[in-house]
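Q: I have a structure I would like to understand better, so I am pasting it below and will then ask my questions one at a time.
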Amino acid sequence: VQLQASGGGLVQAGGSLRLSCAASGSIFDNSDTAWYRQVPGKQRDLVALITWLGTIDYASPVRGRFVISRDNSKKTVTLQMDSLKPEDTARYFCSLRSGTSGRTYWGQGTQVTVSS
């Protein structure tokens with residue numbers, strides 16, 4: 001399984017970005033998918049999760065501003081980020097957890113920088 005993230009960049013506070021993650025392989029449909037973020041020197045934190053059943057959860061700092069979605073036919077998971085704040089600056093990683101094996105796969109990450 002390979003995950004390819006895209007869509008990061010530099011944006012001013014209050015702006016929007018849309019991150020996409022494309023998965024290869026055949027395990028996407030029964031796998032949970034999520035976005036995490038990490039700043040240098042800190043742990044990787046969960047941003048948003050969407051399970052293969054469609055259950056969605058968000059970290060408190062992004063609830064109401066970010067929306068996660070997935071398209072099983074295209075094997076993609078998307079994170080729409082609105083009202084961005086400087087504290088959202090981080091490298092964002094998509095992940096996929098196989099419902100069969102329990103193994104978690106990671107993408108290479110995409111940098112999001114929000115200027116004040």
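Every chain in the structure tokens takes a letter, A first, then B, and so on in the order presented; its residues are numbered from 1, and the ligands are numbered from 1 following the presented order.
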Quick check for you: according to DSSP on this backbone, which residues of region 23-93 of chain A are classed as helix (DSSP H, G or I)? Reply as a PyMOL selection string.
A: chain A and resi 60-62+86-88
Q: Write out as number ranges by chain which residues come within 6 Å of Trp52 (chain A) when counting only C-alpha atoms, dropping same-chain ones fewer than 6 positions away.
A: A: 30-32
Q: Could you tell me which of A:Val62, A:Ala90, A:Met81, A:Gln12 comes closest to Gln43 (chain A) if we count only C-alpha atoms?
A: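 With only C-alpha atoms as the atom set, the closest residue is A:Ala90.
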Q: I'd like to know which of A:Tyr105, A:Tyr92, A:Tyr36, A:Phe28 is closest to Leu49 (chain A), using only C-alpha atoms.
A: A:Tyr36
Q: Extract the full set of strand (DSSP E) residues from chain A according to DSSP on the backbone, and format it as number ranges by chain.
A: A: 3-6, 9-12, 17-23, 31-38, 45-50, 56-58, 66-71, 76-81, 90-98, 104-106, 110-115
Q: Any chance you can output those residues with C-alpha atoms as a PDB file, in the first residue's frame?
A:
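again-v1.pdb was written with the following content:
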```pdb
ATOM      1  CA  LEU A   3      -0.204   6.751   0.078  1.00  0.00           C
ATOM      2  CA  GLN A   4       0.508   9.924  -1.868  1.00  0.00           C
ATOM      3  CA  ALA A   5      -0.473  13.200  -0.237  1.00  0.00           C
ATOM      4  CA  SER A   6      -0.780  16.498  -2.047  1.00  0.00           C
ATOM      5  CA  GLY A   9       1.315  25.028   0.582  1.00  0.00           C
ATOM      6  CA  LEU A  10       1.557  28.513   1.976  1.00  0.00           C
ATOM      7  CA  VAL A  11      -1.618  30.413   2.802  1.00  0.00           C
ATOM      8  CA  GLN A  12      -2.545  33.460   4.816  1.00  0.00           C
ATOM      9  CA  LEU A  17      -6.393  24.546   1.569  1.00  0.00           C
ATOM     10  CA  ARG A  18      -7.522  21.151   0.382  1.00  0.00           C
ATOM     11  CA  LEU A  19      -5.336  18.152   1.026  1.00  0.00           C
ATOM     12  CA  SER A  20      -5.759  14.941  -0.910  1.00  0.00           C
ATOM     13  CA  CYS A  21      -4.346  11.492  -0.346  1.00  0.00           C
ATOM     14  CA  ALA A  22      -4.421   8.810  -3.011  1.00  0.00           C
ATOM     15  CA  ALA A  23      -3.980   5.191  -2.020  1.00  0.00           C
ATOM     16  CA  SER A  31      -9.648   0.464   6.073  1.00  0.00           C
ATOM     17  CA  ASP A  32      -9.890   3.460   8.360  1.00  0.00           C
ATOM     18  CA  THR A  33      -8.268   6.621   7.057  1.00  0.00           C
ATOM     19  CA  ALA A  34      -7.033   9.679   8.869  1.00  0.00           C
ATOM     20  CA  TRP A  35      -4.996  12.829   8.701  1.00  0.00           C
ATOM     21  CA  TYR A  36      -2.337  13.628  11.267  1.00  0.00           C
ATOM     22  CA  ARG A  37      -0.037  16.581  11.635  1.00  0.00           C
ATOM     23  CA  GLN A  38       3.348  17.118  13.158  1.00  0.00           C
ATOM     24  CA  ASP A  45      -1.257  14.353  16.402  1.00  0.00           C
ATOM     25  CA  LEU A  46      -4.531  13.147  14.972  1.00  0.00           C
ATOM     26  CA  VAL A  47      -6.406  15.823  13.031  1.00  0.00           C
ATOM     27  CA  ALA A  48      -9.371  13.956  11.574  1.00  0.00           C
ATOM     28  CA  LEU A  49     -10.491  10.386  11.120  1.00  0.00           C
ATOM     29  CA  ILE A  50     -13.017   8.729   8.836  1.00  0.00           C
ATOM     30  CA  ILE A  56     -15.979  10.786  11.476  1.00  0.00           C
ATOM     31  CA  ASP A  57     -14.126  12.433  14.309  1.00  0.00           C
ATOM     32  CA  TYR A  58     -12.064  15.591  14.603  1.00  0.00           C
ATOM     33  CA  PHE A  66     -11.871  21.140   8.744  1.00  0.00           C
ATOM     34  CA  VAL A  67     -13.876  18.525   6.890  1.00  0.00           C
ATOM     35  CA  ILE A  68     -12.635  15.034   6.102  1.00  0.00           C
ATOM     36  CA  SER A  69     -14.139  12.906   3.364  1.00  0.00           C
ATOM     37  CA  ARG A  70     -13.275   9.835   1.349  1.00  0.00           C
ATOM     38  CA  ASP A  71     -14.130   8.371  -2.014  1.00  0.00           C
ATOM     39  CA  THR A  76      -8.832   8.953  -1.946  1.00  0.00           C
ATOM     40  CA  VAL A  77      -9.248  10.750   1.339  1.00  0.00           C
ATOM     41  CA  THR A  78      -9.529  14.518   1.419  1.00  0.00           C
ATOM     42  CA  LEU A  79      -9.146  17.158   4.102  1.00  0.00           C
ATOM     43  CA  GLN A  80     -10.782  20.501   3.419  1.00  0.00           C
ATOM     44  CA  MET A  81      -9.242  23.091   5.699  1.00  0.00           C
ATOM     45  CA  ALA A  90       2.598  21.594  10.335  1.00  0.00           C
ATOM     46  CA  ARG A  91       3.450  18.728   8.093  1.00  0.00           C
ATOM     47  CA  TYR A  92       0.282  16.782   7.393  1.00  0.00           C
ATOM     48  CA  PHE A  93       0.311  13.030   6.955  1.00  0.00           C
ATOM     49  CA  CYS A  94      -2.417  10.744   5.702  1.00  0.00           C
ATOM     50  CA  SER A  95      -2.707   7.290   7.159  1.00  0.00           C
ATOM     51  CA  LEU A  96      -4.571   4.104   6.414  1.00  0.00           C
ATOM     52  CA  ARG A  97      -5.191   1.358   8.947  1.00  0.00           C
ATOM     53  CA  SER A  98      -6.062  -1.969   7.430  1.00  0.00           C
ATOM     54  CA  THR A 104      -1.043   1.270   9.610  1.00  0.00           C
ATOM     55  CA  TYR A 105       0.425   2.804   6.490  1.00  0.00           C
ATOM     56  CA  TRP A 106       1.679   6.379   6.181  1.00  0.00           C
ATOM     57  CA  THR A 110       2.693  17.524   2.813  1.00  0.00           C
ATOM     58  CA  GLN A 111       3.682  20.841   4.377  1.00  0.00           C
ATOM     59  CA  VAL A 112       1.054  23.384   5.346  1.00  0.00           C
ATOM     60  CA  THR A 113       2.240  26.837   6.355  1.00  0.00           C
ATOM     61  CA  VAL A 114      -0.186  29.496   7.526  1.00  0.00           C
ATOM     62  CA  SER A 115       1.168  33.012   7.771  1.00  0.00           C
TER      63      SER A 115
END
```
